[in-house]
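One structure is given here, and the rest of the page talks about it.
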Amino acid sequence: MMVQNGMDPGLRTRLDELTAHFNSHYQRDPSFFVRVPGRVNLIGEHIDYCGYSVCPMAIEQDVLVAVGCTKDDDDVLRLSNVEQRYQDYQHEQLNNIRQCQLDDEDVGVSWYRYFLCGVKGAFEVIPQERQPRSILATVWGNVPPNAGLSSSSALVSAALLATVYLSKHEISKEEMATMSARAERYIGTQGGGMDQAIAFLARAGSAKLIEFNPLRGFDVTLPDDAVFVIAHSLADHNKAATSDYNTRVLECRLAAQVIATKRGVEWRSVQKLIDVQRSLGKTLDEMADIVVADLHDEPYTIGEACEILDITEVELKSISNIIRHNISRHLKLKQRALHVFQEASRVGEFREVCECKDLAASDRLRQLGHLMSASHSSLQSLYECSHPRIDDLVRVAMESGALGARLTGAGWGGCVVAMTTSDKVQSFIDCLKEKFYGNDEQAKGLDLSKFVFKTEPKEGAAIYNY
């Protein structure tokens with residue numbers, strides 16, 4: 001893990017303010033700082049938990065944590081947040097945090113529970129004799145919450161990294177990314193690992209193609225003239241607070257298992273769509289054809305899925321890892337699986353276009369923009385995870401000169417990422433502010449620089465010595 005002493009003046013100023021807050025709460029200075037960036041996914045939405053590659057990049061916005069210990073190692077975790085709207089939290093008996101239940105619906109998804117996920121995840125791999133006996137932490141994040149820019153995952157990853165560093169236990173970036181992804185599932189969201197992977201593996205200056213099982217990251221050099229702009233729809237969505245996200249995970253898993261059954265594959269060994277593709281030895285295009293042939297347009301019921309798989313609902317809950325799911329709900333298996341295979345293909349094309357030296361610059365940008373827009377169309381119609389404000393923002397972005405635009409993140413609200421060129425980026429942003437936010441009641445009084453801004457690939461997680 002990168003441990004840095006030098007830093008830019010802007011970060012230094014923020015860390016000074018964070019130190020002052022830490023000192024006022026705990027009457028001592030922090031021992032070190034952790035920084036974990038948010039991310040924007042350029043293409044490859046809702047396919048990481050199906051086993052397929054994605055193409056995100058880290059952004060400038062981040063989560064900072066000042067970290068220290070109590071003088072007496074008194075078996076406690078104390079948390080504070082620079083933002084006053086987030087209440088302080090104290091967890092007694094830190095050594096018992098592994099028994100902590102974090103997906104309790106009655107408690108709700110409070111900010112500190114994400115931090116607890118990271119600590120719990122770290123404690124599950126750190127030898128007991130190395131586990132810290134106390135943790136003091138102050139958090140300060142400027143990643144917009146509930147915006148699809150990975151604020152929650154950044155906090156989980158920061159907590160895990162802080163705990164690992166306190167323990168002096170050696171763990172690789174790839175291992176910490178995997179641990180963080182597993183840890184965030186304690187909150188109840190069955191995510192796939194993209195957010196945590198880019199948080200730890202990102203490098204300034206390039207996007208990353210992230211592969212899973214095993215986790216690997218490959219630099220993707222974006223065209224010199226391409227500029228990416230993030231714009232918030234002003235519709236928030238916390239994916240851990242509803243069943244929307246987990247329902248999509250379940251639909252994809254059942255689609256894989258039903259296809260496996262129809263194609264003579266032992267479906268109990270299948271958990272992801274990539275599992276059934278590998279078992280059949282088919283290409284992504286061939287899998288899309290299989291989806292059309294094997295799955296019907298009408299929604300499936302849990303009962304119908306059980307009949308196809310020849311098991312009871314109780315067995316299905318266990319085998320398919322159904323968590324907090326309304327089993328009477330109808331599930332669109334064909335539409336979800338078709339999106340996944342086609343989106344996975346778009347990710348591969350996106351990388352190829354970025355790497356193709358024979359294409360003229362204008363053709364490269366046009367093709368990348370087309371892939372981004374096709375991705376959004378699929379998310380809107382097949383995956384049904386968009387939002388009216390997202391769709392309107394995508395439309396306005398294209399009318400304002402974007403080469404491509406799509407929702408980024410889980411969806412159901414949050415942000416759009418749009419591609420333009422360096423010579424047009426400022427006029428594009430000005431046009432968005434006027435046409436989308438200008439007459440919007442929700443935008444009145446907002447500092448729009450925090451809701452629509454250009455971005456470029458930034459560095460991944462780092463530790464700064466005090």
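Each chain in the structure tokens gets a letter, A, B and so on, in the order shown; residues start at 1 in every chain, and ligands are counted from 1 in the order they appear.
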
Do a neighbour search on Phe218 in chain A at 8 Å with only C-alpha atoms, toss out local chain neighbours closer than 6 positions, and write the hits as a ChimeraX atom specification.
/A:208-210

Would you mind listing what lies within 12 Å of Ser400 in chain A as an mmCIF file with C-alpha atoms, in the first residue's frame, with only C-alpha atoms counted and same-chain residues fewer than 6 positions away left out?
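Okay, around_23.cif is ready:
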data_model
loop_
_atom_site.group_PDB
_atom_site.id
_atom_site.type_symbol
_atom_site.label_atom_id
_atom_site.label_comp_id
_atom_site.auth_asym_id
_atom_site.auth_seq_id
_atom_site.Cartn_x
_atom_site.Cartn_y
_atom_site.Cartn_z
ATOM 1 C CA LEU A 393 -30.205 14.385 -18.014
ATOM 2 C CA VAL A 394 -28.820 11.961 -20.607
ATOM 3 C CA ALA A 418 -20.876 12.086 -20.370
ATOM 4 C CA MET A 419 -17.972 12.270 -22.819
ATOM 5 C CA THR A 420 -17.009 15.434 -24.633
ATOM 6 C CA LYS A 424 -15.807 21.925 -25.795
ATOM 7 C CA VAL A 425 -15.937 20.851 -22.161
ATOM 8 C CA GLN A 426 -16.605 24.265 -20.627
ATOM 9 C CA SER A 427 -19.349 25.168 -23.081
ATOM 10 C CA PHE A 428 -20.834 21.702 -22.531
ATOM 11 C CA ILE A 429 -20.909 22.183 -18.743
ATOM 12 C CA ASP A 430 -22.392 25.677 -19.118
ATOM 13 C CA CYS A 431 -25.078 24.292 -21.396
ATOM 14 C CA LEU A 432 -25.949 21.514 -18.928
ATOM 15 C CA LYS A 433 -26.223 24.015 -16.099
ATOM 16 C CA GLU A 434 -28.573 26.156 -18.131
ATOM 17 C CA LYS A 435 -30.763 23.499 -19.751
ATOM 18 C CA PHE A 436 -31.014 20.906 -16.973
#

Selection: 8 Å around range 309-315 of chain A, only C-alpha atoms, excl. self and same-chain fewer than 5 positions, as an MDAnalysis selection string
chainID A and resid 257:258 261 267 302:303

Taking the chain letters and numbering used in this document, name the residues of range 224-354 of chain A that DSSP puts in strand (DSSP E or B), as a list in words.
Ala226, Val227, Phe228, Val229, Ile230, Ala231, His232, Tyr300 and Leu331 of chain A

Please, could you write that set of residues out with C-alpha atoms as a PDB file, in the first residue's frame?
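Saved result, selection31.pdb, follows:
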ATOM      1  CA  ALA A 226     -11.655  12.784 -24.416  1.00  0.00           C
ATOM      2  CA  VAL A 227     -12.970  14.558 -21.328  1.00  0.00           C
ATOM      3  CA  PHE A 228     -15.507  12.975 -18.998  1.00  0.00           C
ATOM      4  CA  VAL A 229     -18.081  15.053 -17.159  1.00  0.00           C
ATOM      5  CA  ILE A 230     -20.077  13.859 -14.157  1.00  0.00           C
ATOM      6  CA  ALA A 231     -23.513  15.377 -13.648  1.00  0.00           C
ATOM      7  CA  HIS A 232     -25.863  14.649 -10.744  1.00  0.00           C
ATOM      8  CA  TYR A 300     -40.854 -15.543 -13.870  1.00  0.00           C
ATOM      9  CA  LEU A 331     -38.511 -11.601 -11.955  1.00  0.00           C
TER      10      LEU A 331
END

According to DSSP computed on the backbone, where in range 207-449 of chain A is there helix (DSSP H, G or I)? Give the residues as a ChimeraX atom specification.
/A:244-262,267-269,273-280,284-294,302-309,313-319,333-355,361-381,388-399,425-437,441-443,448-449

Neighbouring residues of Tyr86 in chain A were defined as those with any atom within 12 Å, considering only C-alpha atoms; residues of the same chain fewer than 3 positions away were excluded. Please report them as a PDB file with all heavy atoms, in the first residue's frame.
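Okay, this is what ended up in out_3.pdb:
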ATOM      1  N   LEU A  79     -15.965   6.931  16.653  1.00  0.00           N
ATOM      2  CA  LEU A  79     -16.050   7.554  15.335  1.00  0.00           C
ATOM      3  C   LEU A  79     -16.670   8.934  15.435  1.00  0.00           C
ATOM      4  O   LEU A  79     -17.634   9.146  16.172  1.00  0.00           O
ATOM      5  CB  LEU A  79     -16.925   6.718  14.389  1.00  0.00           C
ATOM      6  CG  LEU A  79     -16.397   5.374  13.907  1.00  0.00           C
ATOM      7  CD1 LEU A  79     -17.466   4.687  13.058  1.00  0.00           C
ATOM      8  CD2 LEU A  79     -15.124   5.548  13.122  1.00  0.00           C
ATOM      9  N   SER A  80     -16.106   9.852  14.662  1.00  0.00           N
ATOM     10  CA  SER A  80     -16.725  11.165  14.497  1.00  0.00           C
ATOM     11  C   SER A  80     -16.659  11.531  13.021  1.00  0.00           C
ATOM     12  O   SER A  80     -15.918  10.916  12.247  1.00  0.00           O
ATOM     13  CB  SER A  80     -16.020  12.226  15.347  1.00  0.00           C
ATOM     14  OG  SER A  80     -14.679  12.410  14.915  1.00  0.00           O
ATOM     15  N   ASN A  81     -17.447  12.531  12.642  1.00  0.00           N
ATOM     16  CA  ASN A  81     -17.498  12.964  11.250  1.00  0.00           C
ATOM     17  C   ASN A  81     -17.450  14.477  11.212  1.00  0.00           C
ATOM     18  O   ASN A  81     -18.107  15.147  12.020  1.00  0.00           O
ATOM     19  CB  ASN A  81     -18.791  12.457  10.588  1.00  0.00           C
ATOM     20  CG  ASN A  81     -18.714  12.471   9.080  1.00  0.00           C
ATOM     21  OD1 ASN A  81     -18.444  13.508   8.466  1.00  0.00           O
ATOM     22  ND2 ASN A  81     -18.969  11.329   8.470  1.00  0.00           N
ATOM     23  N   VAL A  82     -16.653  15.010  10.304  1.00  0.00           N
ATOM     24  CA  VAL A  82     -16.552  16.465  10.190  1.00  0.00           C
ATOM     25  C   VAL A  82     -17.909  17.073   9.853  1.00  0.00           C
ATOM     26  O   VAL A  82     -18.244  18.163  10.320  1.00  0.00           O
ATOM     27  CB  VAL A  82     -15.498  16.839   9.123  1.00  0.00           C
ATOM     28  CG1 VAL A  82     -15.523  18.344   8.844  1.00  0.00           C
ATOM     29  CG2 VAL A  82     -14.102  16.401   9.573  1.00  0.00           C
ATOM     30  N   GLU A  83     -18.707  16.357   9.057  1.00  0.00           N
ATOM     31  CA  GLU A  83     -20.039  16.849   8.698  1.00  0.00           C
ATOM     32  C   GLU A  83     -20.982  16.667   9.883  1.00  0.00           C
ATOM     33  O   GLU A  83     -21.194  15.542  10.352  1.00  0.00           O
ATOM     34  CB  GLU A  83     -20.577  16.100   7.474  1.00  0.00           C
ATOM     35  CG  GLU A  83     -19.718  16.228   6.230  1.00  0.00           C
ATOM     36  CD  GLU A  83     -19.714  17.648   5.675  1.00  0.00           C
ATOM     37  OE1 GLU A  83     -20.661  18.401   5.970  1.00  0.00           O
ATOM     38  OE2 GLU A  83     -18.755  17.991   4.958  1.00  0.00           O
ATOM     39  N   TYR A  89     -20.327   8.101  16.925  1.00  0.00           N
ATOM     40  CA  TYR A  89     -20.686   6.718  17.245  1.00  0.00           C
ATOM     41  C   TYR A  89     -19.574   6.104  18.084  1.00  0.00           C
ATOM     42  O   TYR A  89     -18.385   6.393  17.887  1.00  0.00           O
ATOM     43  CB  TYR A  89     -20.876   5.898  15.969  1.00  0.00           C
ATOM     44  CG  TYR A  89     -21.097   4.431  16.235  1.00  0.00           C
ATOM     45  CD1 TYR A  89     -22.332   3.966  16.678  1.00  0.00           C
ATOM     46  CD2 TYR A  89     -20.058   3.516  16.075  1.00  0.00           C
ATOM     47  CE1 TYR A  89     -22.534   2.614  16.940  1.00  0.00           C
ATOM     48  CE2 TYR A  89     -20.254   2.163  16.331  1.00  0.00           C
ATOM     49  CZ  TYR A  89     -21.493   1.718  16.762  1.00  0.00           C
ATOM     50  OH  TYR A  89     -21.689   0.380  17.021  1.00  0.00           O
ATOM     51  N   SER A 110     -27.163   3.515   8.703  1.00  0.00           N
ATOM     52  CA  SER A 110     -26.476   4.707   9.195  1.00  0.00           C
ATOM     53  C   SER A 110     -25.047   4.736   8.670  1.00  0.00           C
ATOM     54  O   SER A 110     -24.456   3.691   8.376  1.00  0.00           O
ATOM     55  CB  SER A 110     -26.475   4.727  10.725  1.00  0.00           C
ATOM     56  OG  SER A 110     -27.799   4.710  11.232  1.00  0.00           O
ATOM     57  N   TRP A 111     -24.464   5.928   8.591  1.00  0.00           N
ATOM     58  CA  TRP A 111     -23.144   6.079   7.979  1.00  0.00           C
ATOM     59  C   TRP A 111     -22.077   5.237   8.656  1.00  0.00           C
ATOM     60  O   TRP A 111     -21.217   4.645   7.996  1.00  0.00           O
ATOM     61  CB  TRP A 111     -22.737   7.561   7.999  1.00  0.00           C
ATOM     62  CG  TRP A 111     -22.294   8.066   9.342  1.00  0.00           C
ATOM     63  CD1 TRP A 111     -23.076   8.524  10.349  1.00  0.00           C
ATOM     64  CD2 TRP A 111     -20.942   8.141   9.823  1.00  0.00           C
ATOM     65  NE1 TRP A 111     -22.306   8.887  11.432  1.00  0.00           N
ATOM     66  CE2 TRP A 111     -20.992   8.672  11.133  1.00  0.00           C
ATOM     67  CE3 TRP A 111     -19.694   7.829   9.276  1.00  0.00           C
ATOM     68  CZ2 TRP A 111     -19.857   8.876  11.906  1.00  0.00           C
ATOM     69  CZ3 TRP A 111     -18.551   8.029  10.045  1.00  0.00           C
ATOM     70  CH2 TRP A 111     -18.646   8.559  11.339  1.00  0.00           C
ATOM     71  N   TYR A 112     -22.155   5.138   9.980  1.00  0.00           N
ATOM     72  CA  TYR A 112     -21.092   4.450  10.719  1.00  0.00           C
ATOM     73  C   TYR A 112     -21.095   2.944  10.458  1.00  0.00           C
ATOM     74  O   TYR A 112     -20.079   2.262  10.667  1.00  0.00           O
ATOM     75  CB  TYR A 112     -21.220   4.725  12.220  1.00  0.00           C
ATOM     76  CG  TYR A 112     -22.493   4.210  12.851  1.00  0.00           C
ATOM     77  CD1 TYR A 112     -22.614   2.882  13.243  1.00  0.00           C
ATOM     78  CD2 TYR A 112     -23.583   5.050  13.046  1.00  0.00           C
ATOM     79  CE1 TYR A 112     -23.769   2.402  13.819  1.00  0.00           C
ATOM     80  CE2 TYR A 112     -24.752   4.588  13.617  1.00  0.00           C
ATOM     81  CZ  TYR A 112     -24.844   3.259  14.001  1.00  0.00           C
ATOM     82  OH  TYR A 112     -26.003   2.791  14.556  1.00  0.00           O
ATOM     83  N   ARG A 113     -22.227   2.408   9.999  1.00  0.00           N
ATOM     84  CA  ARG A 113     -22.300   0.968   9.766  1.00  0.00           C
ATOM     85  C   ARG A 113     -21.376   0.543   8.619  1.00  0.00           C
ATOM     86  O   ARG A 113     -20.866  -0.576   8.600  1.00  0.00           O
ATOM     87  CB  ARG A 113     -23.744   0.558   9.498  1.00  0.00           C
ATOM     88  CG  ARG A 113     -24.656   0.830  10.689  1.00  0.00           C
ATOM     89  CD  ARG A 113     -26.106   0.543  10.371  1.00  0.00           C
ATOM     90  NE  ARG A 113     -26.404  -0.872  10.404  1.00  0.00           N
ATOM     91  CZ  ARG A 113     -26.594  -1.577  11.511  1.00  0.00           C
ATOM     92  NH1 ARG A 113     -26.491  -0.985  12.693  1.00  0.00           N
ATOM     93  NH2 ARG A 113     -26.876  -2.859  11.468  1.00  0.00           N
ATOM     94  N   THR A 138     -11.744   9.942  12.689  1.00  0.00           N
ATOM     95  CA  THR A 138     -12.589  11.045  12.226  1.00  0.00           C
ATOM     96  C   THR A 138     -12.651  10.977  10.712  1.00  0.00           C
ATOM     97  O   THR A 138     -11.629  10.894  10.037  1.00  0.00           O
ATOM     98  CB  THR A 138     -12.025  12.404  12.670  1.00  0.00           C
ATOM     99  OG1 THR A 138     -12.064  12.489  14.094  1.00  0.00           O
ATOM    100  CG2 THR A 138     -12.859  13.539  12.086  1.00  0.00           C
ATOM    101  N   VAL A 139     -13.867  11.013  10.177  1.00  0.00           N
ATOM    102  CA  VAL A 139     -14.119  10.827   8.751  1.00  0.00           C
ATOM    103  C   VAL A 139     -14.529  12.152   8.127  1.00  0.00           C
ATOM    104  O   VAL A 139     -15.254  12.949   8.720  1.00  0.00           O
ATOM    105  CB  VAL A 139     -15.241   9.786   8.540  1.00  0.00           C
ATOM    106  CG1 VAL A 139     -15.590   9.656   7.065  1.00  0.00           C
ATOM    107  CG2 VAL A 139     -14.827   8.433   9.115  1.00  0.00           C
ATOM    108  N   TRP A 140     -14.052  12.359   6.902  1.00  0.00           N
ATOM    109  CA  TRP A 140     -14.475  13.531   6.134  1.00  0.00           C
ATOM    110  C   TRP A 140     -14.480  13.137   4.663  1.00  0.00           C
ATOM    111  O   TRP A 140     -13.445  12.861   4.075  1.00  0.00           O
ATOM    112  CB  TRP A 140     -13.528  14.706   6.370  1.00  0.00           C
ATOM    113  CG  TRP A 140     -14.042  16.017   5.831  1.00  0.00           C
ATOM    114  CD1 TRP A 140     -15.310  16.303   5.394  1.00  0.00           C
ATOM    115  CD2 TRP A 140     -13.298  17.219   5.689  1.00  0.00           C
ATOM    116  NE1 TRP A 140     -15.408  17.616   5.007  1.00  0.00           N
ATOM    117  CE2 TRP A 140     -14.184  18.203   5.178  1.00  0.00           C
ATOM    118  CE3 TRP A 140     -11.977  17.577   5.945  1.00  0.00           C
ATOM    119  CZ2 TRP A 140     -13.769  19.507   4.910  1.00  0.00           C
ATOM    120  CZ3 TRP A 140     -11.572  18.868   5.684  1.00  0.00           C
ATOM    121  CH2 TRP A 140     -12.457  19.835   5.174  1.00  0.00           C
ATOM    122  N   GLY A 141     -15.645  13.112   4.062  1.00  0.00           N
ATOM    123  CA  GLY A 141     -15.751  12.742   2.663  1.00  0.00           C
ATOM    124  C   GLY A 141     -16.386  13.831   1.831  1.00  0.00           C
ATOM    125  O   GLY A 141     -17.273  14.548   2.301  1.00  0.00           O
TER     126      GLY A 141
END

So that I can check the surroundings of Asn142 in chain A, please list as a list in words every protein, DNA and RNA residue that reaches within 10 Å of it, counting only C-alpha atoms and ignoring chain neighbours fewer than 3 positions away.
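Neighbouring residues, sequence-local ones excluded: Pro37, Gly38, Glu60, Gln61, Asp62, Val63, Leu64, Glu83, Pro145, Ser151 and Lys450 of chain A.
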
Best match for closeness to Phe212 in chain A among A:Ile274, A:Gln190, A:Ala462, A:Ala162, counting only C-alpha atoms:
A:Ile274

Give me the residues within 12 Å of Asn23 in chain A as number ranges by chain, counting only C-alpha atoms and dropping any in the same chain fewer than 2 places off.
A: 15-21, 25-31, 66-68, 80, 82, 136-138

Which of A:Glu456, A:Glu355, A:Glu349, A:Glu286 sits closest to Gln367 in chain A [using only C-alpha atoms]
A:Glu349

Between CA of Gly413 in chain A and CA of Arg253 in chain A - distance in Å to one decimal
23.9 Å
